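Here is the file data_13.cif (mmCIF, C-alpha atoms and all ligand atoms).
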```cif
data_input
#
loop_
_atom_site.group_PDB
_atom_site.id
_atom_site.type_symbol
_atom_site.label_atom_id
_atom_site.label_comp_id
_atom_site.auth_asym_id
_atom_site.auth_seq_id
_atom_site.Cartn_x
_atom_site.Cartn_y
_atom_site.Cartn_z
ATOM 1 C CA MET A 495 -12.123 24.903 31.006
ATOM 2 C CA LEU A 496 -12.270 27.043 27.895
ATOM 3 C CA SER A 497 -15.771 27.938 26.658
ATOM 4 C CA LEU A 498 -17.259 29.775 23.735
ATOM 5 C CA HIS A 499 -20.622 31.184 24.598
ATOM 6 C CA ALA A 500 -23.052 32.404 21.884
ATOM 7 C CA ILE A 501 -20.235 33.723 19.691
ATOM 8 C CA SER A 502 -21.199 35.438 16.464
ATOM 9 C CA ARG A 503 -19.065 37.199 13.884
ATOM 10 C CA SER A 504 -19.772 38.628 10.431
ATOM 11 C CA PHE A 505 -17.482 39.883 7.691
ATOM 12 C CA GLY A 506 -19.376 42.481 5.673
ATOM 13 C CA GLY A 507 -22.716 40.862 4.997
ATOM 14 C CA HIS A 508 -21.376 37.335 5.495
ATOM 15 C CA ARG A 509 -22.116 35.636 8.800
ATOM 16 C CA ALA A 510 -19.023 33.513 9.520
ATOM 17 C CA LEU A 511 -20.114 32.392 13.025
ATOM 18 C CA SER A 512 -23.616 32.261 14.375
ATOM 19 C CA ASP A 513 -24.410 31.639 18.055
ATOM 20 C CA VAL A 514 -21.459 29.270 18.501
ATOM 21 C CA THR A 515 -21.343 27.637 21.930
ATOM 22 C CA PHE A 516 -19.072 24.780 23.008
ATOM 23 C CA ASP A 517 -16.606 23.780 25.724
ATOM 24 C CA VAL A 518 -13.010 22.662 25.431
ATOM 25 C CA THR A 519 -12.582 20.580 28.556
ATOM 26 C CA ALA A 520 -9.391 20.630 30.620
ATOM 27 C CA GLY A 521 -7.285 17.518 30.156
ATOM 28 C CA ARG A 522 -9.074 16.498 26.956
ATOM 29 C CA MET A 523 -8.247 16.696 23.266
ATOM 30 C CA THR A 524 -11.074 18.326 21.333
ATOM 31 C CA GLY A 525 -11.135 17.975 17.546
ATOM 32 C CA PHE A 526 -12.664 20.865 15.629
ATOM 33 C CA VAL A 527 -13.913 19.806 12.220
ATOM 34 C CA GLY A 528 -15.852 21.419 9.404
ATOM 35 C CA ALA A 529 -15.618 21.954 5.668
ATOM 36 C CA ASN A 530 -13.553 24.789 4.158
ATOM 37 C CA GLY A 531 -15.058 28.096 5.211
ATOM 38 C CA ALA A 532 -17.110 26.584 8.064
ATOM 39 C CA GLY A 533 -15.637 29.119 10.511
ATOM 40 C CA LYS A 534 -12.997 27.156 12.443
ATOM 41 C CA THR A 535 -10.149 29.626 11.996
ATOM 42 C CA THR A 536 -12.451 32.533 12.823
ATOM 43 C CA ALA A 537 -13.501 30.814 16.063
ATOM 44 C CA MET A 538 -9.878 30.094 16.986
ATOM 45 C CA ARG A 539 -8.847 33.681 16.328
ATOM 46 C CA ILE A 540 -11.672 34.845 18.576
ATOM 47 C CA ILE A 541 -10.515 32.482 21.341
ATOM 48 C CA LEU A 542 -7.032 33.989 21.133
ATOM 49 C CA GLY A 543 -8.334 37.555 20.927
ATOM 50 C CA VAL A 544 -6.775 38.136 17.490
ATOM 51 C CA LEU A 545 -10.296 38.894 16.312
ATOM 52 C CA ALA A 546 -13.196 40.338 18.321
ATOM 53 C CA PRO A 547 -16.628 38.697 18.195
ATOM 54 C CA ASP A 548 -19.696 40.786 17.301
ATOM 55 C CA GLY A 549 -21.557 39.064 20.107
ATOM 56 C CA GLY A 550 -21.023 36.404 22.742
ATOM 57 C CA GLU A 551 -18.150 35.728 25.056
ATOM 58 C CA VAL A 552 -15.082 33.524 25.477
ATOM 59 C CA ARG A 553 -14.792 32.188 29.035
ATOM 60 C CA TRP A 554 -11.907 30.714 30.956
ATOM 61 C CA ASP A 555 -12.845 28.707 34.024
ATOM 62 C CA GLY A 556 -16.353 30.132 33.841
ATOM 63 C CA ARG A 557 -15.480 33.841 33.794
ATOM 64 C CA PRO A 558 -14.814 36.224 30.892
ATOM 65 C CA ILE A 559 -11.334 35.588 29.534
ATOM 66 C CA THR A 560 -8.629 38.220 30.053
ATOM 67 C CA ALA A 561 -5.503 39.212 28.097
ATOM 68 C CA ASP A 562 -3.396 37.671 30.879
ATOM 69 C CA ASP A 563 -5.211 34.334 30.497
ATOM 70 C CA ARG A 564 -4.629 34.408 26.740
ATOM 71 C CA ALA A 565 -0.957 35.271 27.175
ATOM 72 C CA GLN A 566 -0.451 31.847 28.766
ATOM 73 C CA PHE A 567 -2.159 29.975 25.914
ATOM 74 C CA GLY A 568 -0.321 28.210 23.127
ATOM 75 C CA TYR A 569 -1.517 29.029 19.614
ATOM 76 C CA MET A 570 -0.523 27.711 16.231
ATOM 77 C CA PRO A 571 -2.202 30.050 13.748
ATOM 78 C CA GLU A 572 -3.230 29.109 10.219
ATOM 79 C CA GLU A 573 -0.750 31.605 8.785
ATOM 80 C CA ARG A 574 2.022 30.148 11.007
ATOM 81 C CA GLY A 575 4.330 32.632 12.593
ATOM 82 C CA LEU A 576 8.007 31.825 12.875
ATOM 83 C CA TYR A 577 10.852 33.794 11.319
ATOM 84 C CA PRO A 578 12.201 31.954 8.249
ATOM 85 C CA LYS A 579 15.770 33.201 8.657
ATOM 86 C CA MET A 580 16.161 32.614 12.381
ATOM 87 C CA GLN A 581 17.558 29.408 13.880
ATOM 88 C CA VAL A 582 14.886 27.083 15.175
ATOM 89 C CA LYS A 583 16.084 26.689 18.750
ATOM 90 C CA GLU A 584 16.899 30.380 19.038
ATOM 91 C CA GLN A 585 13.290 31.212 18.098
ATOM 92 C CA LEU A 586 11.862 28.767 20.581
ATOM 93 C CA VAL A 587 13.987 30.148 23.399
ATOM 94 C CA TYR A 588 13.066 33.689 22.372
ATOM 95 C CA LEU A 589 9.342 32.866 22.461
ATOM 96 C CA ALA A 590 9.597 31.138 25.826
ATOM 97 C CA ARG A 591 11.510 34.134 27.227
ATOM 98 C CA LEU A 592 8.763 36.461 25.934
ATOM 99 C CA HIS A 593 6.364 34.437 28.073
ATOM 100 C CA GLY A 594 8.533 35.036 31.118
ATOM 101 C CA MET A 595 10.548 31.806 31.256
ATOM 102 C CA ASP A 596 14.127 32.080 32.528
ATOM 103 C CA ALA A 597 16.869 31.417 29.963
ATOM 104 C CA ARG A 598 17.948 28.049 31.351
ATOM 105 C CA THR A 599 14.392 26.620 31.571
ATOM 106 C CA ALA A 600 13.583 27.991 28.112
ATOM 107 C CA ALA A 601 16.640 26.313 26.571
ATOM 108 C CA ALA A 602 15.921 23.013 28.327
ATOM 109 C CA ARG A 603 12.301 23.089 27.262
ATOM 110 C CA ALA A 604 13.257 23.922 23.639
ATOM 111 C CA ASP A 605 15.780 21.044 23.554
ATOM 112 C CA ASP A 606 13.263 18.623 25.004
ATOM 113 C CA LEU A 607 10.524 19.560 22.520
ATOM 114 C CA LEU A 608 12.858 19.489 19.521
ATOM 115 C CA GLU A 609 14.074 16.061 20.574
ATOM 116 C CA ARG A 610 10.581 14.701 21.086
ATOM 117 C CA LEU A 611 9.344 16.115 17.792
ATOM 118 C CA GLY A 612 12.250 14.548 15.915
ATOM 119 C CA LEU A 613 14.152 17.807 15.349
ATOM 120 C CA GLY A 614 16.903 17.190 17.882
ATOM 121 C CA GLU A 615 19.623 17.659 15.252
ATOM 122 C CA ARG A 616 18.023 20.673 13.580
ATOM 123 C CA GLY A 617 17.892 23.263 16.361
ATOM 124 C CA GLY A 618 20.809 25.192 14.841
ATOM 125 C CA ASP A 619 19.296 25.336 11.353
ATOM 126 C CA THR A 620 17.194 28.204 10.058
ATOM 127 C CA LEU A 621 13.492 27.508 9.718
ATOM 128 C CA GLU A 622 13.550 28.066 5.942
ATOM 129 C CA SER A 623 16.205 25.377 5.479
ATOM 130 C CA LEU A 624 13.863 22.702 6.882
ATOM 131 C CA SER A 625 11.424 20.655 4.833
ATOM 132 C CA LEU A 626 7.793 21.800 5.063
ATOM 133 C CA GLY A 627 6.919 18.929 7.391
ATOM 134 C CA ASN A 628 9.818 19.792 9.691
ATOM 135 C CA GLN A 629 8.844 23.466 9.620
ATOM 136 C CA GLN A 630 5.417 22.340 10.764
ATOM 137 C CA ARG A 631 6.978 20.438 13.681
ATOM 138 C CA ALA A 632 8.910 23.565 14.619
ATOM 139 C CA GLN A 633 5.647 25.555 14.590
ATOM 140 C CA ILE A 634 4.111 23.003 16.939
ATOM 141 C CA ALA A 635 7.124 23.295 19.248
ATOM 142 C CA ALA A 636 6.680 27.083 19.221
ATOM 143 C CA ALA A 637 3.073 26.767 20.430
ATOM 144 C CA LEU A 638 4.201 24.493 23.279
ATOM 145 C CA VAL A 639 7.501 25.928 24.417
ATOM 146 C CA HIS A 640 6.167 28.145 27.226
ATOM 147 C CA ASP A 641 4.221 25.317 28.850
ATOM 148 C CA PRO A 642 0.781 26.706 27.914
ATOM 149 C CA THR A 643 -2.326 26.543 30.088
ATOM 150 C CA ALA A 644 -4.459 25.834 26.990
ATOM 151 C CA LEU A 645 -3.559 24.900 23.437
ATOM 152 C CA VAL A 646 -5.296 26.001 20.231
ATOM 153 C CA LEU A 647 -3.879 24.601 16.988
ATOM 154 C CA ASP A 648 -5.099 25.372 13.483
ATOM 155 C CA GLU A 649 -4.499 22.301 11.307
ATOM 156 C CA PRO A 650 -1.462 20.984 13.213
ATOM 157 C CA PHE A 651 -1.363 17.709 11.275
ATOM 158 C CA SER A 652 -1.562 19.054 7.734
ATOM 159 C CA GLY A 653 1.561 18.189 5.783
ATOM 160 C CA LEU A 654 2.910 15.749 8.393
ATOM 161 C CA ASP A 655 3.865 12.212 7.422
ATOM 162 C CA PRO A 656 2.207 9.368 9.380
ATOM 163 C CA MET A 657 5.171 8.968 11.752
ATOM 164 C CA ALA A 658 5.196 12.696 12.492
ATOM 165 C CA VAL A 659 1.431 12.574 13.152
ATOM 166 C CA GLU A 660 2.053 9.886 15.795
ATOM 167 C CA VAL A 661 4.914 11.761 17.419
ATOM 168 C CA THR A 662 2.987 15.039 17.470
ATOM 169 C CA LEU A 663 -0.038 13.294 18.818
ATOM 170 C CA GLU A 664 1.907 11.908 21.777
ATOM 171 C CA VAL A 665 3.313 15.349 22.559
ATOM 172 C CA LEU A 666 -0.177 16.899 22.440
ATOM 173 C CA ARG A 667 -1.592 14.118 24.597
ATOM 174 C CA ASP A 668 1.005 14.949 27.228
ATOM 175 C CA VAL A 669 -0.124 18.574 27.203
ATOM 176 C CA ALA A 670 -3.716 17.421 27.702
ATOM 177 C CA ARG A 671 -2.643 14.988 30.454
ATOM 178 C CA SER A 672 -0.999 17.853 32.277
ATOM 179 C CA GLY A 673 -4.503 19.350 32.577
ATOM 180 C CA ALA A 674 -4.679 21.825 29.679
ATOM 181 C CA PRO A 675 -7.629 21.944 27.293
ATOM 182 C CA VAL A 676 -6.423 21.205 23.741
ATOM 183 C CA LEU A 677 -8.422 22.316 20.689
ATOM 184 C CA PHE A 678 -7.187 21.459 17.213
ATOM 185 C CA SER A 679 -8.795 21.759 13.802
ATOM 186 C CA SER A 680 -8.286 19.120 11.160
ATOM 187 C CA HIS A 681 -9.635 17.948 7.834
ATOM 188 C CA GLN A 682 -8.195 14.475 8.428
ATOM 189 C CA LEU A 683 -11.244 12.809 9.928
ATOM 190 C CA ASP A 684 -9.478 9.483 10.357
ATOM 191 C CA VAL A 685 -6.850 11.205 12.504
ATOM 192 C CA VAL A 686 -9.489 13.102 14.478
ATOM 193 C CA GLU A 687 -11.508 9.950 15.031
ATOM 194 C CA ARG A 688 -8.493 8.160 16.446
ATOM 195 C CA LEU A 689 -6.979 10.816 18.612
ATOM 196 C CA CYS A 690 -9.568 13.182 20.013
ATOM 197 C CA ASP A 691 -11.612 12.697 23.156
ATOM 198 C CA GLU A 692 -14.275 15.188 22.123
ATOM 199 C CA LEU A 693 -15.455 16.614 18.834
ATOM 200 C CA VAL A 694 -17.093 19.796 17.660
ATOM 201 C CA ILE A 695 -18.526 19.739 14.142
ATOM 202 C CA LEU A 696 -19.109 23.120 12.544
ATOM 203 C CA ALA A 697 -21.021 23.854 9.328
ATOM 204 C CA HIS A 698 -21.827 27.264 7.883
ATOM 205 C CA GLY A 699 -20.766 28.965 11.090
ATOM 206 C CA GLN A 700 -22.966 26.858 13.358
ATOM 207 C CA VAL A 701 -22.228 23.987 15.726
ATOM 208 C CA ARG A 702 -23.974 20.967 14.225
ATOM 209 C CA ALA A 703 -22.786 18.385 16.732
ATOM 210 C CA ALA A 704 -20.586 18.314 19.835
ATOM 211 C CA GLY A 705 -19.682 15.696 22.394
ATOM 212 C CA THR A 706 -17.451 12.719 22.968
ATOM 213 C CA ARG A 707 -16.839 10.305 20.094
ATOM 214 C CA GLN A 708 -19.054 7.783 21.830
ATOM 215 C CA GLU A 709 -21.893 10.288 22.338
ATOM 216 C CA LEU A 710 -21.810 11.315 18.672
ATOM 217 C CA ARG A 711 -21.832 7.688 17.554
ATOM 218 C CA GLU A 712 -24.743 6.824 19.811
ATOM 219 C CA ARG A 713 -26.693 9.898 18.739
ATOM 220 C CA HIS A 714 -26.120 9.318 15.029
ATOM 221 C CA SER A 715 -26.151 5.550 14.681
ATOM 222 C CA SER A 716 -28.748 2.878 15.161
ATOM 223 C CA PRO A 717 -27.480 -0.193 17.032
ATOM 224 C CA GLU A 718 -25.884 -2.525 14.487
ATOM 225 C CA TRP A 719 -23.775 -5.681 14.710
ATOM 226 C CA VAL A 720 -21.494 -7.589 12.402
ATOM 227 C CA LEU A 721 -21.230 -11.392 12.483
ATOM 228 C CA GLU A 722 -18.594 -13.411 10.623
ATOM 229 C CA THR A 723 -19.320 -17.122 10.507
ATOM 230 C CA ASP A 724 -19.462 -20.037 8.042
ATOM 231 C CA ASP A 725 -22.973 -19.420 6.736
ATOM 232 C CA ALA A 726 -24.835 -16.395 8.094
ATOM 233 C CA GLY A 727 -28.052 -17.008 6.127
ATOM 234 C CA PHE A 728 -29.970 -18.149 9.251
ATOM 235 C CA VAL A 729 -29.916 -14.541 10.595
ATOM 236 C CA ARG A 730 -32.642 -13.610 8.117
ATOM 237 C CA GLY A 731 -35.116 -15.860 9.925
ATOM 238 C CA ILE A 732 -34.620 -14.383 13.404
ATOM 239 C CA PRO A 733 -37.416 -12.069 14.567
ATOM 240 C CA GLY A 734 -36.491 -8.470 15.492
ATOM 241 C CA ILE A 735 -33.518 -8.485 13.129
ATOM 242 C CA GLU A 736 -33.099 -6.392 10.004
ATOM 243 C CA VAL A 737 -30.342 -7.610 7.703
ATOM 244 C CA LEU A 738 -28.493 -4.639 6.212
ATOM 245 C CA GLU A 739 -25.632 -6.363 4.429
ATOM 246 C CA PHE A 740 -25.180 -10.026 3.599
ATOM 247 C CA ASP A 741 -22.422 -11.917 1.858
ATOM 248 C CA GLY A 742 -22.256 -15.640 2.629
ATOM 249 C CA GLY A 743 -20.490 -15.784 5.980
ATOM 250 C CA HIS A 744 -20.678 -12.045 6.640
ATOM 251 C CA VAL A 745 -23.778 -10.244 7.861
ATOM 252 C CA ARG A 746 -24.377 -6.741 9.213
ATOM 253 C CA PHE A 747 -27.699 -6.332 10.928
ATOM 254 C CA ALA A 748 -29.761 -3.942 13.027
ATOM 255 C CA ALA A 749 -31.613 -5.269 16.059
ATOM 256 C CA ASP A 750 -34.574 -3.819 17.978
ATOM 257 C CA ASP A 751 -32.758 -4.540 21.208
ATOM 258 C CA ALA A 752 -29.590 -6.218 22.428
ATOM 259 C CA ALA A 753 -31.483 -9.410 23.403
ATOM 260 C CA HIS A 754 -32.231 -10.070 19.713
ATOM 261 C CA ALA A 755 -28.562 -9.588 18.862
ATOM 262 C CA ASP A 756 -27.646 -12.036 21.661
ATOM 263 C CA ARG A 757 -29.958 -14.569 20.095
ATOM 264 C CA VAL A 758 -28.094 -14.265 16.786
ATOM 265 C CA LEU A 759 -24.808 -14.936 18.573
ATOM 266 C CA ARG A 760 -26.182 -17.933 20.505
ATOM 267 C CA GLU A 761 -27.615 -19.474 17.362
ATOM 268 C CA ALA A 762 -24.387 -18.853 15.409
ATOM 269 C CA ILE A 763 -22.376 -20.644 18.106
ATOM 270 C CA GLU A 764 -24.781 -23.607 18.030
ATOM 271 C CA ARG A 765 -24.429 -23.810 14.248
ATOM 272 C CA GLY A 766 -20.662 -23.764 14.079
ATOM 273 C CA SER A 767 -17.640 -21.513 14.221
ATOM 274 C CA VAL A 768 -18.016 -17.796 14.968
ATOM 275 C CA ARG A 769 -15.042 -15.878 13.584
ATOM 276 C CA SER A 770 -16.197 -12.559 15.015
ATOM 277 C CA PHE A 771 -19.228 -10.857 16.478
ATOM 278 C CA ALA A 772 -19.156 -7.164 17.374
ATOM 279 C CA PRO A 773 -21.204 -3.975 17.382
ATOM 280 C CA SER A 774 -20.702 -2.135 14.123
ATOM 281 C CA VAL A 775 -19.070 1.252 14.702
ATOM 282 C CA ARG A 776 -20.193 3.966 12.337
ATOM 283 C CA PRO A 777 -17.191 5.855 10.974
ATOM 284 C CA LEU A 778 -16.897 9.520 11.799
ATOM 285 C CA THR A 779 -16.778 10.399 8.091
ATOM 286 C CA GLU A 780 -20.363 9.139 7.707
ATOM 287 C CA ILE A 781 -21.599 10.979 10.796
ATOM 288 C CA PHE A 782 -19.809 14.114 9.603
ATOM 289 C CA GLN A 783 -21.441 13.981 6.183
ATOM 290 C CA GLU A 784 -24.839 13.497 7.773
ATOM 291 C CA VAL A 785 -24.634 16.358 10.269
ATOM 292 C CA VAL A 786 -23.152 18.968 7.922
ATOM 293 C CA ARG A 787 -25.669 18.278 5.162
HETATM 294 N N1 LIG B 801 -10.810 38.554 7.415
HETATM 295 C C1 LIG B 801 -11.868 38.107 6.725
HETATM 296 N N2 LIG B 801 -12.509 38.919 5.858
HETATM 297 C C2 LIG B 801 -13.593 38.485 5.160
HETATM 298 N N3 LIG B 801 -14.096 37.242 5.249
HETATM 299 C C3 LIG B 801 -13.480 36.384 6.071
HETATM 300 C C4 LIG B 801 -12.339 36.765 6.851
HETATM 301 N N4 LIG B 801 -11.948 35.698 7.593
HETATM 302 C C5 LIG B 801 -12.818 34.692 7.285
HETATM 303 N N5 LIG B 801 -13.720 35.102 6.394
HETATM 304 C C6 LIG B 801 -14.835 34.285 5.845
HETATM 305 O O1 LIG B 801 -15.480 33.653 6.944
HETATM 306 C C7 LIG B 801 -15.821 32.301 6.614
HETATM 307 C C8 LIG B 801 -15.186 31.357 7.604
HETATM 308 O O2 LIG B 801 -13.768 31.312 7.351
HETATM 309 P P1 LIG B 801 -12.757 30.472 8.245
HETATM 310 O O3 LIG B 801 -11.389 30.752 7.711
HETATM 311 O O4 LIG B 801 -13.016 30.755 9.667
HETATM 312 O O5 LIG B 801 -13.195 28.972 7.906
HETATM 313 P P2 LIG B 801 -12.415 27.607 8.195
HETATM 314 O O6 LIG B 801 -13.436 26.678 8.729
HETATM 315 O O7 LIG B 801 -11.223 27.845 9.024
HETATM 316 O O8 LIG B 801 -11.993 27.155 6.736
HETATM 317 P P3 LIG B 801 -10.703 26.312 6.232
HETATM 318 O O9 LIG B 801 -10.942 24.912 6.629
HETATM 319 O O10 LIG B 801 -10.759 26.495 4.749
HETATM 320 O O11 LIG B 801 -9.484 26.917 6.854
HETATM 321 C C9 LIG B 801 -15.383 32.089 5.176
HETATM 322 O O12 LIG B 801 -16.498 32.315 4.325
HETATM 323 C C10 LIG B 801 -14.320 33.147 4.972
HETATM 324 O O13 LIG B 801 -14.257 33.552 3.621
#
```

Would you write the structure of this file as structure tokens?
Amino acid sequence: MLSLHAISRSFGGHRALSDVTFDVTAGRMTGFVGANGAGKTTAMRIILGVLAPDGGEVRWDGRPITADDRAQFGYMPEERGLYPKMQVKEQLVYLARLHGMDARTAAARADDLLERLGLGERGGDTLESLSLGNQQRAQIAAALVHDPTALVLDEPFSGLDPMAVEVTLEVLRDVARSGAPVLFSSHQLDVVERLCDELVILAHGQVRAAGTRQELRERHSSPEWVLETDDAGFVRGIPGIEVLEFDGGHVRFAADDAAHADRVLREAIERGSVRSFAPSVRPLTEIFQEVVR
């Protein structure tokens, strides 16, 4: 497990991170979200040791992290880092070799990643000759080529088309499944909501919320349900129910407890056809806006 413990960092008089503590659990995908300037990149640089914290500690498996630990991590920095004029596969092999991989394994791993990321035909091309989206895929391959023990990616999905997001996502999931903690920042909350197991929400250099998607939803939502039926007007008369949204056959309501919601369902069935009945899931965008306010 990768942990940040009470990390703080200032630039001049500006406090970019303040007492930041969170875990990136092994085998899980953790989404790191926050508005521009919230401190995500600063935190990632501190994890990788590119930047030193003023206070606090990064821990790996519960002990202070070392340079050797970090050398096994995969990192995709905000400023990216590949050579524009070098061939893509050549760079990947070079990077894997720098991490101590033998030439044959490095080449096989590079081929496999390029194939999986949809760049199988482009390994012999220079990075600068690729489209921006394909350059991004190559950067992702570079972070993964040495089979990292942990993965830290700054905005890996920016600039990728929806198909590339899916492909990249599958590749990252495999890294997580192999037991590595995966931390990635993103402004695409819909993507984060769909693909991450855990979330850390940062605002003004502070952790405002952290936990699994389910935990965040439970903490920041009241229990609500949505019923679709022929005529949902009867719901208004049921005790313990607060109608939040009503439109003929559609009603969204809050209930004091689940037994009241069950009563709505039973009555709806008695009255006629129930097209759907389900707990209403609060979108991450709403929770995000609430916690960063
Ligand atoms: N090297 C630096 N020198 C001075 N200020 C910096 C430096 N790096 C970051 N900052 C400041 O620290 C704050 C946090 O920046 P950071 O890049 O970590 O945010 P971020 O959450 O990654 O933002 P974005 O989503 O825009 O990439 C910002 O106010 C930024 O201007």

- Message: Since I can't run it myself right now, could you work out what the PyMOL selection byres (((chain A and resi 679-692) around 6) and not hetatm) selects here and report it as a ChimeraX atom specification?
- Response: /A:522-527,648-649,678,693,705-707

- Task: Evaluate the PyMOL selection byres (((not hetatm)) within 10 of (chain B and resi 801)) here and jot the selected residues down as number ranges by chain.
- Result: A: 503-511, 526-540, 545, 572, 648-649, 679-681, 696-699

- Message: So, with all atoms listed in the file as the atoms that count, which of A:Pro656, A:Gly734, A:Gly614, A:Gly549 lies closest to A:Ala632?
- Response: A:Gly614

- Which residue out of A:Val729, A:Ala604, A:Ala500, A:Ile695 has the minimum interatomic distance to A:Glu784 when all atoms listed in the file are used?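 Counting all atoms listed in the file, the residue closest to A:Glu784 is A:Ile695.
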
- Message: List the spatial neighbours of A:Asp555 as JSON, numbers by chain - criterion: any atom at most 10 Å away, all atoms listed in the file, same-chain residues fewer than 2 positions off excluded.
- Response: {"A": [495, 496, 497, 519, 520, 553, 557, 558, 559]}

Take the residues that were just selected and, keeping C-alpha atoms, output them as an mmCIF file, in the coordinates of the input.
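Generated file (result-v1.cif):
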```
data_model
loop_
_atom_site.group_PDB
_atom_site.id
_atom_site.type_symbol
_atom_site.label_atom_id
_atom_site.label_comp_id
_atom_site.auth_asym_id
_atom_site.auth_seq_id
_atom_site.Cartn_x
_atom_site.Cartn_y
_atom_site.Cartn_z
ATOM 1 C CA MET A 495 -12.123 24.903 31.006
ATOM 2 C CA LEU A 496 -12.270 27.043 27.895
ATOM 3 C CA SER A 497 -15.771 27.938 26.658
ATOM 4 C CA THR A 519 -12.582 20.580 28.556
ATOM 5 C CA ALA A 520 -9.391 20.630 30.620
ATOM 6 C CA ARG A 553 -14.792 32.188 29.035
ATOM 7 C CA ARG A 557 -15.480 33.841 33.794
ATOM 8 C CA PRO A 558 -14.814 36.224 30.892
ATOM 9 C CA ILE A 559 -11.334 35.588 29.534
#
```

- Message: as number ranges by chain, please: the residues near stretch 768-775 of chain A (cut-off 7 Å, only C-alpha atoms, same-chain neighbours under 6 positions excluded).
- Response: A: 718-723, 762

- For atom CA of A:Ala601 and atom CA of A:Pro578, the interatomic separation in Å (one decimal):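 Atom CA of A:Pro578 lies at a distance of 19.7 Å from atom CA of A:Ala601.
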
- Item | Test item: residues at most 12 Å from A:Glu609, only C-alpha atoms, excluding those fewer than 5 positions along its chain, as JSON, numbers by chain | {"A": [583, 602, 603, 604, 614, 615, 616, 617, 631, 632, 635, 661, 662, 665]}

Writing out the chosen residues with C-alpha atoms as a PDB file, keeping the file's coordinate frame:
```pdb
ATOM      1  CA  LYS A 583      16.084  26.689  18.750  1.00  0.00           C
ATOM      2  CA  ALA A 602      15.921  23.013  28.327  1.00  0.00           C
ATOM      3  CA  ARG A 603      12.301  23.089  27.262  1.00  0.00           C
ATOM      4  CA  ALA A 604      13.257  23.922  23.639  1.00  0.00           C
ATOM      5  CA  GLY A 614      16.903  17.190  17.882  1.00  0.00           C
ATOM      6  CA  GLU A 615      19.623  17.659  15.252  1.00  0.00           C
ATOM      7  CA  ARG A 616      18.023  20.673  13.580  1.00  0.00           C
ATOM      8  CA  GLY A 617      17.892  23.263  16.361  1.00  0.00           C
ATOM      9  CA  ARG A 631       6.978  20.438  13.681  1.00  0.00           C
ATOM     10  CA  ALA A 632       8.910  23.565  14.619  1.00  0.00           C
ATOM     11  CA  ALA A 635       7.124  23.295  19.248  1.00  0.00           C
ATOM     12  CA  VAL A 661       4.914  11.761  17.419  1.00  0.00           C
ATOM     13  CA  THR A 662       2.987  15.039  17.470  1.00  0.00           C
ATOM     14  CA  VAL A 665       3.313  15.349  22.559  1.00  0.00           C
TER      15      VAL A 665
END
```

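Between A:Thr515 and the candidates A:His499, A:His714, A:His640, A:Arg702, the tightest atom-to-atom separation, counting all atoms listed in the file, involves A:His499.
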
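Closest approach to A:Glu660 from the set A:Leu576, A:Leu611, A:Ile541, A:Val582 is made by A:Leu611, with distances taken over all atoms listed in the file.
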
- Message: Between A:Leu624, A:Ala644, A:Ile781, A:Ala753, which residue has the minimum interatomic distance to A:Arg564, considering all atoms listed in the file?
- Response: A:Ala644

- Query: Which residues match the PyMOL selection byres (((chain A and resi 599) around 12) and not hetatm) in the file above, as number ranges by chain?
  - Reply: A: 586-588, 590-591, 593-598, 600-606, 639-641

- Query: How many Å lie between atom CA of A:Asp513 and atom CA of A:Val552, rounded to one decimal?
  - Reply: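 Those two atoms sit 12.1 Å apart.
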
Around all listed atoms of stretch 570-585 of chain A, padded 8 Å per side, what centre and edge lengths does the axis-aligned box have in Å to one decimal, as lines of an AutoDock Vina configuration file?
```
center_x = 7.2
center_y = 30.2
center_z = 13.6
size_x = 36.8
size_y = 23.1
size_z = 26.8
```
